[in-house]
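> Got a structure for you, my_file.pdb, holding PDB, C-alpha atoms and all ligand atoms.
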MODEL        1
ATOM      1  CA  MET A  11     -29.404  59.487  87.263
ATOM      2  CA  LYS A  12     -28.077  57.612  90.268
ATOM      3  CA  PHE A  13     -30.493  54.784  89.565
ATOM      4  CA  LEU A  14     -29.177  54.535  86.017
ATOM      5  CA  ARG A  15     -25.608  54.440  87.254
ATOM      6  CA  VAL A  16     -26.551  51.635  89.622
ATOM      7  CA  LEU A  17     -28.142  49.700  86.772
ATOM      8  CA  TRP A  18     -25.029  50.240  84.713
ATOM      9  CA  PHE A  19     -22.843  48.687  87.389
ATOM     10  CA  ILE A  20     -25.196  45.753  87.769
ATOM     11  CA  PHE A  21     -25.107  45.311  84.009
ATOM     12  CA  LEU A  22     -21.321  45.155  84.067
ATOM     13  CA  GLY A  23     -21.520  42.423  86.651
ATOM     14  CA  SER A  24     -20.266  44.396  89.613
ATOM     15  CA  PRO A  25     -22.996  44.047  92.224
ATOM     16  CA  LEU A  26     -20.649  45.083  95.039
ATOM     17  CA  LEU A  27     -20.001  48.431  93.422
ATOM     18  CA  ALA A  28     -23.709  48.871  92.791
ATOM     19  CA  LEU A  29     -24.407  48.165  96.442
ATOM     20  CA  LYS A  30     -21.771  50.702  97.460
ATOM     21  CA  LEU A  31     -23.535  53.389  95.425
ATOM     22  CA  ILE A  32     -26.858  52.585  97.046
ATOM     23  CA  ILE A  33     -25.650  52.750 100.639
ATOM     24  CA  GLU A  34     -23.200  55.609 100.201
ATOM     25  CA  PRO A  35     -24.290  58.777 102.006
ATOM     26  CA  THR A  36     -24.793  61.919  99.930
ATOM     27  CA  GLU A  37     -22.282  64.767  99.850
ATOM     28  CA  SER A  38     -23.939  66.228 102.928
ATOM     29  CA  GLY A  39     -23.094  63.047 104.824
ATOM     30  CA  VAL A  40     -26.764  62.564 105.633
ATOM     31  CA  ARG A  41     -28.331  59.305 104.527
ATOM     32  CA  GLY A  42     -31.612  58.945 102.709
ATOM     33  CA  THR A  43     -31.783  62.421 101.184
ATOM     34  CA  ARG A  44     -33.673  63.271  98.014
ATOM     35  CA  VAL A  45     -33.212  66.384  95.917
ATOM     36  CA  PHE A  46     -36.407  68.412  95.700
ATOM     37  CA  LYS A  47     -37.511  71.488  93.791
ATOM     38  CA  PRO A  48     -37.778  74.528  96.063
ATOM     39  CA  LEU A  49     -41.426  74.960  97.053
ATOM     40  CA  ALA A  50     -43.300  77.863  95.453
ATOM     41  CA  ILE A  51     -43.427  79.645  98.824
ATOM     42  CA  TYR A  52     -39.597  79.708  99.066
ATOM     43  CA  ALA A  53     -39.300  82.741  96.771
ATOM     44  CA  GLU A  54     -41.434  84.761  99.186
ATOM     45  CA  LEU A  55     -39.611  83.365 102.234
ATOM     46  CA  PHE A  56     -36.277  84.313 100.675
ATOM     47  CA  GLU A  57     -37.485  87.880 100.042
ATOM     48  CA  LYS A  58     -38.617  88.188 103.666
ATOM     49  CA  THR A  59     -35.244  86.928 104.846
ATOM     50  CA  LYS A  60     -33.350  89.410 102.655
ATOM     51  CA  GLU A  61     -35.585  92.183 103.923
ATOM     52  CA  CYS A  62     -35.146  91.538 107.645
ATOM     53  CA  SER A  63     -31.388  90.951 107.355
ATOM     54  CA  GLY A  64     -30.596  93.736 104.893
ATOM     55  CA  LEU A  65     -28.499  91.208 102.960
ATOM     56  CA  ARG A  66     -28.567  90.597  99.233
ATOM     57  CA  GLY A  67     -28.282  87.314  97.424
ATOM     58  CA  SER A  68     -29.899  84.646  95.344
ATOM     59  CA  MET A  69     -31.045  81.178  96.262
ATOM     60  CA  ASP A  70     -30.516  79.865  92.721
ATOM     61  CA  GLY A  71     -27.321  78.063  93.658
ATOM     62  CA  ILE A  72     -28.859  76.036  96.482
ATOM     63  CA  THR A  73     -29.410  72.308  96.105
ATOM     64  CA  TRP A  74     -32.379  71.395  98.312
ATOM     65  CA  LEU A  75     -32.321  67.984  99.967
ATOM     66  CA  ALA A  76     -34.957  66.404 102.183
ATOM     67  CA  ILE A  77     -35.234  63.143 104.024
ATOM     68  CA  PRO A  78     -38.856  62.141 103.418
ATOM     69  CA  GLY A  79     -41.010  61.491 106.469
ATOM     70  CA  THR A  80     -38.438  62.458 109.097
ATOM     71  CA  GLU A  81     -38.577  64.910 111.988
ATOM     72  CA  THR A  82     -34.808  65.087 112.525
ATOM     73  CA  PHE A  83     -31.664  63.683 110.973
ATOM     74  CA  ASN A  84     -28.302  62.874 112.494
ATOM     75  CA  THR A  85     -25.223  64.963 111.846
ATOM     76  CA  LYS A  86     -21.797  65.040 113.424
ATOM     77  CA  ASN A  87     -23.148  67.901 115.566
ATOM     78  CA  GLY A  88     -26.171  65.945 116.735
ATOM     79  CA  PRO A  89     -29.747  65.674 115.463
ATOM     80  CA  LYS A  90     -31.035  68.550 113.332
ATOM     81  CA  VAL A  91     -34.117  69.630 111.404
ATOM     82  CA  GLY A  92     -32.145  71.705 108.900
ATOM     83  CA  MET A  93     -28.568  72.266 107.802
ATOM     84  CA  TRP A  94     -26.833  74.652 105.391
ATOM     85  CA  GLU A  95     -23.496  73.615 103.932
ATOM     86  CA  GLU A  96     -20.917  74.949 101.542
ATOM     87  CA  ALA A  97     -18.455  72.574  99.937
ATOM     88  CA  SER A  98     -16.209  73.449  96.993
ATOM     89  CA  GLY A  99     -18.381  76.439  96.144
ATOM     90  CA  LYS A 100     -21.579  74.370  96.134
ATOM     91  CA  PHE A 101     -24.422  75.118  98.506
ATOM     92  CA  THR A 102     -26.714  72.541 100.007
ATOM     93  CA  VAL A 103     -29.650  72.844 102.364
ATOM     94  CA  THR A 104     -30.752  69.583 103.972
ATOM     95  CA  LEU A 105     -34.145  69.493 105.686
ATOM     96  CA  ALA A 106     -36.019  66.896 107.685
ATOM     97  CA  GLY A 107     -38.982  66.001 105.486
ATOM     98  CA  LYS A 108     -41.543  67.237 107.999
ATOM     99  CA  TYR A 109     -40.032  70.725 108.032
ATOM    100  CA  ILE A 110     -39.750  71.565 104.340
ATOM    101  CA  ASP A 111     -42.727  73.934 104.676
ATOM    102  CA  HIS A 112     -41.853  75.279 108.121
ATOM    103  CA  GLU A 113     -41.214  78.999 107.707
ATOM    104  CA  MET A 114     -38.720  79.417 110.529
ATOM    105  CA  VAL A 115     -36.685  76.337 109.617
ATOM    106  CA  VAL A 116     -36.527  77.173 105.902
ATOM    107  CA  ARG A 117     -35.740  80.860 106.475
ATOM    108  CA  HIS A 118     -33.122  79.971 109.104
ATOM    109  CA  GLU A 119     -31.211  78.025 106.438
ATOM    110  CA  MET A 120     -31.787  80.830 103.911
ATOM    111  CA  LEU A 121     -30.197  83.264 106.355
ATOM    112  CA  HIS A 122     -27.132  81.011 106.626
ATOM    113  CA  HIS A 123     -26.983  81.131 102.842
ATOM    114  CA  LEU A 124     -27.217  84.938 102.716
ATOM    115  CA  LEU A 125     -24.486  85.142 105.371
ATOM    116  CA  ARG A 126     -22.442  82.379 103.692
ATOM    117  CA  ARG A 127     -21.585  80.964 107.076
ATOM    118  CA  VAL A 128     -22.587  78.561 109.790
ATOM    119  CA  GLY A 129     -23.018  79.862 113.336
ATOM    120  CA  HIS A 130     -25.687  82.279 114.476
ATOM    121  CA  PRO A 131     -24.617  85.923 114.787
ATOM    122  CA  SER A 132     -27.355  87.481 116.917
ATOM    123  CA  GLU A 133     -27.499  90.705 114.907
ATOM    124  CA  TYR A 134     -29.085  88.600 112.178
ATOM    125  CA  PHE A 135     -30.702  85.567 113.768
ATOM    126  CA  GLN A 136     -32.190  87.459 116.730
ATOM    127  CA  LYS A 137     -33.258  90.388 114.614
ATOM    128  CA  CYS A 138     -35.028  88.192 112.064
ATOM    129  CA  LYS A 139     -36.389  85.962 114.873
ATOM    130  CA  LEU A 140     -35.113  82.886 113.077
ATOM    131  CA  THR A 141     -34.299  80.665 116.038
ATOM    132  CA  TRP A 142     -36.623  78.428 118.051
ATOM    133  CA  GLU A 143     -36.261  80.811 121.015
ATOM    134  CA  THR A 144     -37.184  83.940 119.098
ATOM    135  CA  TRP A 145     -39.629  82.563 116.548
ATOM    136  CA  GLN A 146     -43.248  83.565 117.035
ATOM    137  CA  LYS A 147     -45.956  82.519 114.684
ATOM    138  CA  ASN A 148     -48.367  85.250 113.769
TER     139      ASN A 148
HETATM  140 ZN    ZN B 201     -28.334  77.390 112.012
ENDMDL
END
Can you dump the structure from the file as structure tokens?

Amino acid sequence: MKFLRVLWFIFLGSPLLALKLIIEPTESGVRGTRVFKPLAIYAELFEKTKECSGLRGSMDGITWLAIPGTETFNTKNGPKVGMWEEASGKFTVTLAGKYIDHEMVVRHEMLHHLLRRVGHPSEYFQKCKLTWETWQKN
């Protein structure tokens, strides 16, 4: 869709506007993101996250963004591998491309979504072991 809009501006002879659309960051403020379809495993990861937290919710409203090929991305709070955001009732999860199938990173953002908040209350993040310090692969 964005590509078509860009073409449309070029067609109308406004290359500066077209350029603006190309270089403009996404709503998340992170550059280079692409929307992707939640991976098949996400349904299971979401169930696990609901289970350990005792929270209810749906991940249907999440727009998933990734920056292909990256290990971190820059935010106003420093480099990150994942970020959950709410803006005007819309939910976005942004992930560094190399972490889109990383269970802890994906579930960490899912837990933010279930809680509908940023920040890391320990009764949830510690309990579910969804931080780098508490995460153990098994
Ligand atoms: Zn977090």
> Can you work out which residues are within 12 Å of ligand ZN 201 (chain B), considering only C-alpha atoms and all ligand atoms, and then hand them over as a PyMOL selection string?
chain A and resi 87+90-95+103-105+114-123+125-132+134-136+140-142
> Nearest to Asp70 of chain A: which of A:Arg44, A:Lys58, A:Lys139, A:Lys100 is it, counting all atoms listed in the file?
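Checking each of A:Arg44, A:Lys58, A:Lys139, A:Lys100 against Asp70 of chain A, counting all atoms listed in the file, the winner is A:Lys100.
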> Could you pull out every residue with an atom within 8 Å of (-41.1, 66.9, 105.5), file coordinates, counting only C-alpha atoms, and send them as a list in words?
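Output of the proximity query reads Ala76, Ile77, Pro78, Gly79, Thr80, Glu81, Leu105, Ala106, Gly107, Lys108, Tyr109, Ile110 and Asp111 of chain A.
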> Return as lines of an AutoDock Vina configuration file the box centre and box size in Å, one decimal, for an axis-aligned box around all listed atoms of segment 57-73 of chain A padded by 4 Å per side.

center_x = -33.0
center_y = 83.0
center_z = 100.2
size_x = 19.3
size_y = 29.4
size_z = 22.9
> Could you please determine the separation between atom CA of Met69 of chain A and atom CA of Lys86 of chain A in Å, to one decimal place?
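Computing it gives 25.3 Å between the two atoms.
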> Which value, in Å to one decimal, gives the distance between atom CA of Leu55 of chain A and atom CA of Gly67 of chain A?
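A separation of 12.9 Å between them.
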> Can you tell me how far atom CA of Phe83 of chain A sits from atom CA of Ser68 of chain A, in Å to one decimal?
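Atom CA of Phe83 of chain A sits 26.2 Å away from atom CA of Ser68 of chain A.
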> Rank nothing, just name the residue among A:Lys47, A:Lys137, A:Arg66, A:Arg41 nearest to Asn84 of chain A, using all atoms listed in the file.
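Of the candidates, the smallest distance to Asn84 of chain A is held by A:Arg41.
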> Go through A:Ile51, A:Phe46, A:Glu113, A:Thr82 one by one, measure the shortest atom-to-atom distance of each to Trp145 of chain A using all atoms listed in the file, and give the residue with the smallest value.
A:Glu113
> Between A:His112, A:Glu96, A:Glu61, A:Thr102, which residue has the minimum interatomic distance to Thr43 of chain A, considering all atoms listed in the file?
A:Thr102
> Just segment 32-79 of chain A from the block, N, CA and C atoms, as a PDB file, in the first residue's frame, could you?

ATOM      1  N   ILE A  32       9.086   7.801   1.933  1.00  0.00           N
ATOM      2  CA  ILE A  32      10.044   6.702   2.010  1.00  0.00           C
ATOM      3  C   ILE A  32      10.887   6.784   3.280  1.00  0.00           C
ATOM      4  N   ILE A  33      11.329   7.986   3.625  1.00  0.00           N
ATOM      5  CA  ILE A  33      12.263   8.086   4.759  1.00  0.00           C
ATOM      6  C   ILE A  33      11.554   8.303   6.095  1.00  0.00           C
ATOM      7  N   GLU A  34      10.261   8.526   6.061  1.00  0.00           N
ATOM      8  CA  GLU A  34       9.531   8.764   7.298  1.00  0.00           C
ATOM      9  C   GLU A  34       9.535   7.513   8.174  1.00  0.00           C
ATOM     10  N   PRO A  35       9.835   7.670   9.471  1.00  0.00           N
ATOM     11  CA  PRO A  35       9.746   6.488  10.341  1.00  0.00           C
ATOM     12  C   PRO A  35       8.298   6.034  10.496  1.00  0.00           C
ATOM     13  N   THR A  36       8.101   4.795  10.911  1.00  0.00           N
ATOM     14  CA  THR A  36       6.753   4.282  11.121  1.00  0.00           C
ATOM     15  C   THR A  36       6.175   4.904  12.378  1.00  0.00           C
ATOM     16  N   GLU A  37       4.940   4.539  12.700  1.00  0.00           N
ATOM     17  CA  GLU A  37       4.280   5.060  13.897  1.00  0.00           C
ATOM     18  C   GLU A  37       5.100   4.774  15.147  1.00  0.00           C
ATOM     19  N   SER A  38       5.779   3.649  15.155  1.00  0.00           N
ATOM     20  CA  SER A  38       6.558   3.273  16.339  1.00  0.00           C
ATOM     21  C   SER A  38       7.787   4.168  16.486  1.00  0.00           C
ATOM     22  N   GLY A  39       8.118   4.930  15.464  1.00  0.00           N
ATOM     23  CA  GLY A  39       9.299   5.773  15.526  1.00  0.00           C
ATOM     24  C   GLY A  39      10.563   5.018  15.164  1.00  0.00           C
ATOM     25  N   VAL A  40      10.430   3.738  14.883  1.00  0.00           N
ATOM     26  CA  VAL A  40      11.590   2.925  14.527  1.00  0.00           C
ATOM     27  C   VAL A  40      11.651   2.826  13.006  1.00  0.00           C
ATOM     28  N   ARG A  41      12.838   3.046  12.472  1.00  0.00           N
ATOM     29  CA  ARG A  41      12.989   3.026  11.016  1.00  0.00           C
ATOM     30  C   ARG A  41      13.201   1.617  10.491  1.00  0.00           C
ATOM     31  N   GLY A  42      12.745   1.397   9.287  1.00  0.00           N
ATOM     32  CA  GLY A  42      13.041   0.149   8.583  1.00  0.00           C
ATOM     33  C   GLY A  42      12.155  -1.018   8.954  1.00  0.00           C
ATOM     34  N   THR A  43      11.032  -0.758   9.637  1.00  0.00           N
ATOM     35  CA  THR A  43      10.176  -1.868  10.051  1.00  0.00           C
ATOM     36  C   THR A  43       9.314  -2.377   8.900  1.00  0.00           C
ATOM     37  N   ARG A  44       8.975  -3.662   8.997  1.00  0.00           N
ATOM     38  CA  ARG A  44       8.035  -4.287   8.075  1.00  0.00           C
ATOM     39  C   ARG A  44       6.971  -4.997   8.901  1.00  0.00           C
ATOM     40  N   VAL A  45       5.733  -4.891   8.466  1.00  0.00           N
ATOM     41  CA  VAL A  45       4.667  -5.648   9.127  1.00  0.00           C
ATOM     42  C   VAL A  45       4.849  -7.113   8.769  1.00  0.00           C
ATOM     43  N   PHE A  46       4.688  -8.000   9.748  1.00  0.00           N
ATOM     44  CA  PHE A  46       4.714  -9.426   9.424  1.00  0.00           C
ATOM     45  C   PHE A  46       3.559 -10.147  10.105  1.00  0.00           C
ATOM     46  N   LYS A  47       3.191 -11.281   9.518  1.00  0.00           N
ATOM     47  CA  LYS A  47       2.116 -12.101  10.073  1.00  0.00           C
ATOM     48  C   LYS A  47       2.664 -12.837  11.285  1.00  0.00           C
ATOM     49  N   PRO A  48       1.917 -12.832  12.405  1.00  0.00           N
ATOM     50  CA  PRO A  48       2.437 -13.547  13.577  1.00  0.00           C
ATOM     51  C   PRO A  48       2.801 -14.983  13.209  1.00  0.00           C
ATOM     52  N   LEU A  49       3.954 -15.444  13.666  1.00  0.00           N
ATOM     53  CA  LEU A  49       4.396 -16.801  13.349  1.00  0.00           C
ATOM     54  C   LEU A  49       3.419 -17.799  13.959  1.00  0.00           C
ATOM     55  N   ALA A  50       3.354 -18.990  13.363  1.00  0.00           N
ATOM     56  CA  ALA A  50       2.423 -20.023  13.824  1.00  0.00           C
ATOM     57  C   ALA A  50       2.616 -20.315  15.310  1.00  0.00           C
ATOM     58  N   ILE A  51       3.865 -20.279  15.766  1.00  0.00           N
ATOM     59  CA  ILE A  51       4.172 -20.608  17.164  1.00  0.00           C
ATOM     60  C   ILE A  51       3.615 -19.568  18.138  1.00  0.00           C
ATOM     61  N   TYR A  52       3.286 -18.362  17.670  1.00  0.00           N
ATOM     62  CA  TYR A  52       2.842 -17.295  18.572  1.00  0.00           C
ATOM     63  C   TYR A  52       1.569 -17.657  19.339  1.00  0.00           C
ATOM     64  N   ALA A  53       0.673 -18.412  18.708  1.00  0.00           N
ATOM     65  CA  ALA A  53      -0.575 -18.781  19.392  1.00  0.00           C
ATOM     66  C   ALA A  53      -0.246 -19.570  20.656  1.00  0.00           C
ATOM     67  N   GLU A  54       0.682 -20.514  20.530  1.00  0.00           N
ATOM     68  CA  GLU A  54       1.094 -21.330  21.667  1.00  0.00           C
ATOM     69  C   GLU A  54       1.834 -20.474  22.709  1.00  0.00           C
ATOM     70  N   LEU A  55       2.692 -19.584  22.242  1.00  0.00           N
ATOM     71  CA  LEU A  55       3.443 -18.718  23.157  1.00  0.00           C
ATOM     72  C   LEU A  55       2.491 -17.799  23.928  1.00  0.00           C
ATOM     73  N   PHE A  56       1.440 -17.352  23.257  1.00  0.00           N
ATOM     74  CA  PHE A  56       0.470 -16.474  23.913  1.00  0.00           C
ATOM     75  C   PHE A  56      -0.288 -17.246  24.993  1.00  0.00           C
ATOM     76  N   GLU A  57      -0.671 -18.487  24.686  1.00  0.00           N
ATOM     77  CA  GLU A  57      -1.352 -19.331  25.677  1.00  0.00           C
ATOM     78  C   GLU A  57      -0.476 -19.536  26.907  1.00  0.00           C
ATOM     79  N   LYS A  58       0.791 -19.837  26.686  1.00  0.00           N
ATOM     80  CA  LYS A  58       1.726 -20.038  27.806  1.00  0.00           C
ATOM     81  C   LYS A  58       1.829 -18.788  28.670  1.00  0.00           C
ATOM     82  N   THR A  59       1.813 -17.637  28.004  1.00  0.00           N
ATOM     83  CA  THR A  59       1.965 -16.368  28.715  1.00  0.00           C
ATOM     84  C   THR A  59       0.704 -16.052  29.527  1.00  0.00           C
ATOM     85  N   LYS A  60      -0.462 -16.371  28.958  1.00  0.00           N
ATOM     86  CA  LYS A  60      -1.712 -16.191  29.712  1.00  0.00           C
ATOM     87  C   LYS A  60      -1.711 -17.104  30.924  1.00  0.00           C
ATOM     88  N   GLU A  61      -1.267 -18.333  30.711  1.00  0.00           N
ATOM     89  CA  GLU A  61      -1.269 -19.328  31.774  1.00  0.00           C
ATOM     90  C   GLU A  61      -0.393 -18.911  32.954  1.00  0.00           C
ATOM     91  N   CYS A  62       0.845 -18.505  32.669  1.00  0.00           N
ATOM     92  CA  CYS A  62       1.758 -18.201  33.783  1.00  0.00           C
ATOM     93  C   CYS A  62       1.358 -16.909  34.486  1.00  0.00           C
ATOM     94  N   SER A  63       0.707 -15.993  33.774  1.00  0.00           N
ATOM     95  CA  SER A  63       0.375 -14.696  34.373  1.00  0.00           C
ATOM     96  C   SER A  63      -1.013 -14.697  35.011  1.00  0.00           C
ATOM     97  N   GLY A  64      -1.857 -15.646  34.601  1.00  0.00           N
ATOM     98  CA  GLY A  64      -3.238 -15.653  35.068  1.00  0.00           C
ATOM     99  C   GLY A  64      -4.078 -14.559  34.428  1.00  0.00           C
ATOM    100  N   LEU A  65      -3.541 -13.918  33.390  1.00  0.00           N
ATOM    101  CA  LEU A  65      -4.265 -12.831  32.720  1.00  0.00           C
ATOM    102  C   LEU A  65      -5.018 -13.378  31.507  1.00  0.00           C
ATOM    103  N   ARG A  66      -6.055 -12.650  31.130  1.00  0.00           N
ATOM    104  CA  ARG A  66      -6.805 -13.027  29.930  1.00  0.00           C
ATOM    105  C   ARG A  66      -6.591 -11.973  28.865  1.00  0.00           C
ATOM    106  N   GLY A  67      -6.778 -12.372  27.621  1.00  0.00           N
ATOM    107  CA  GLY A  67      -6.652 -11.392  26.548  1.00  0.00           C
ATOM    108  C   GLY A  67      -6.510 -12.069  25.210  1.00  0.00           C
ATOM    109  N   SER A  68      -6.412 -11.235  24.194  1.00  0.00           N
ATOM    110  CA  SER A  68      -6.282 -11.735  22.833  1.00  0.00           C
ATOM    111  C   SER A  68      -5.136 -10.989  22.174  1.00  0.00           C
ATOM    112  N   MET A  69      -4.448 -11.640  21.278  1.00  0.00           N
ATOM    113  CA  MET A  69      -3.378 -10.932  20.573  1.00  0.00           C
ATOM    114  C   MET A  69      -3.829 -10.485  19.179  1.00  0.00           C
ATOM    115  N   ASP A  70      -5.137 -10.617  18.919  1.00  0.00           N
ATOM    116  CA  ASP A  70      -5.651 -10.248  17.589  1.00  0.00           C
ATOM    117  C   ASP A  70      -5.370  -8.796  17.217  1.00  0.00           C
ATOM    118  N   GLY A  71      -5.403  -7.913  18.208  1.00  0.00           N
ATOM    119  CA  GLY A  71      -5.257  -6.496  17.902  1.00  0.00           C
ATOM    120  C   GLY A  71      -3.821  -6.019  17.730  1.00  0.00           C
ATOM    121  N   ILE A  72      -2.859  -6.933  17.825  1.00  0.00           N
ATOM    122  CA  ILE A  72      -1.459  -6.511  17.738  1.00  0.00           C
ATOM    123  C   ILE A  72      -1.001  -6.414  16.289  1.00  0.00           C
ATOM    124  N   THR A  73      -0.372  -5.312  15.937  1.00  0.00           N
ATOM    125  CA  THR A  73       0.346  -5.218  14.670  1.00  0.00           C
ATOM    126  C   THR A  73       1.795  -5.584  14.953  1.00  0.00           C
ATOM    127  N   TRP A  74       2.298  -6.597  14.245  1.00  0.00           N
ATOM    128  CA  TRP A  74       3.661  -7.087  14.461  1.00  0.00           C
ATOM    129  C   TRP A  74       4.601  -6.455  13.445  1.00  0.00           C
ATOM    130  N   LEU A  75       5.643  -5.812  13.961  1.00  0.00           N
ATOM    131  CA  LEU A  75       6.636  -5.183  13.084  1.00  0.00           C
ATOM    132  C   LEU A  75       8.003  -5.793  13.366  1.00  0.00           C
ATOM    133  N   ALA A  76       8.794  -5.968  12.334  1.00  0.00           N
ATOM    134  CA  ALA A  76      10.165  -6.438  12.510  1.00  0.00           C
ATOM    135  C   ALA A  76      11.083  -5.614  11.635  1.00  0.00           C
ATOM    136  N   ILE A  77      12.319  -5.507  12.076  1.00  0.00           N
ATOM    137  CA  ILE A  77      13.339  -4.877  11.251  1.00  0.00           C
ATOM    138  C   ILE A  77      14.232  -6.014  10.776  1.00  0.00           C
ATOM    139  N   PRO A  78      14.074  -6.410   9.511  1.00  0.00           N
ATOM    140  CA  PRO A  78      14.782  -7.595   9.010  1.00  0.00           C
ATOM    141  C   PRO A  78      16.289  -7.528   9.232  1.00  0.00           C
ATOM    142  N   GLY A  79      16.843  -8.655   9.679  1.00  0.00           N
ATOM    143  CA  GLY A  79      18.298  -8.788   9.774  1.00  0.00           C
ATOM    144  C   GLY A  79      18.974  -8.077  10.920  1.00  0.00           C
TER     145      GLY A  79
END
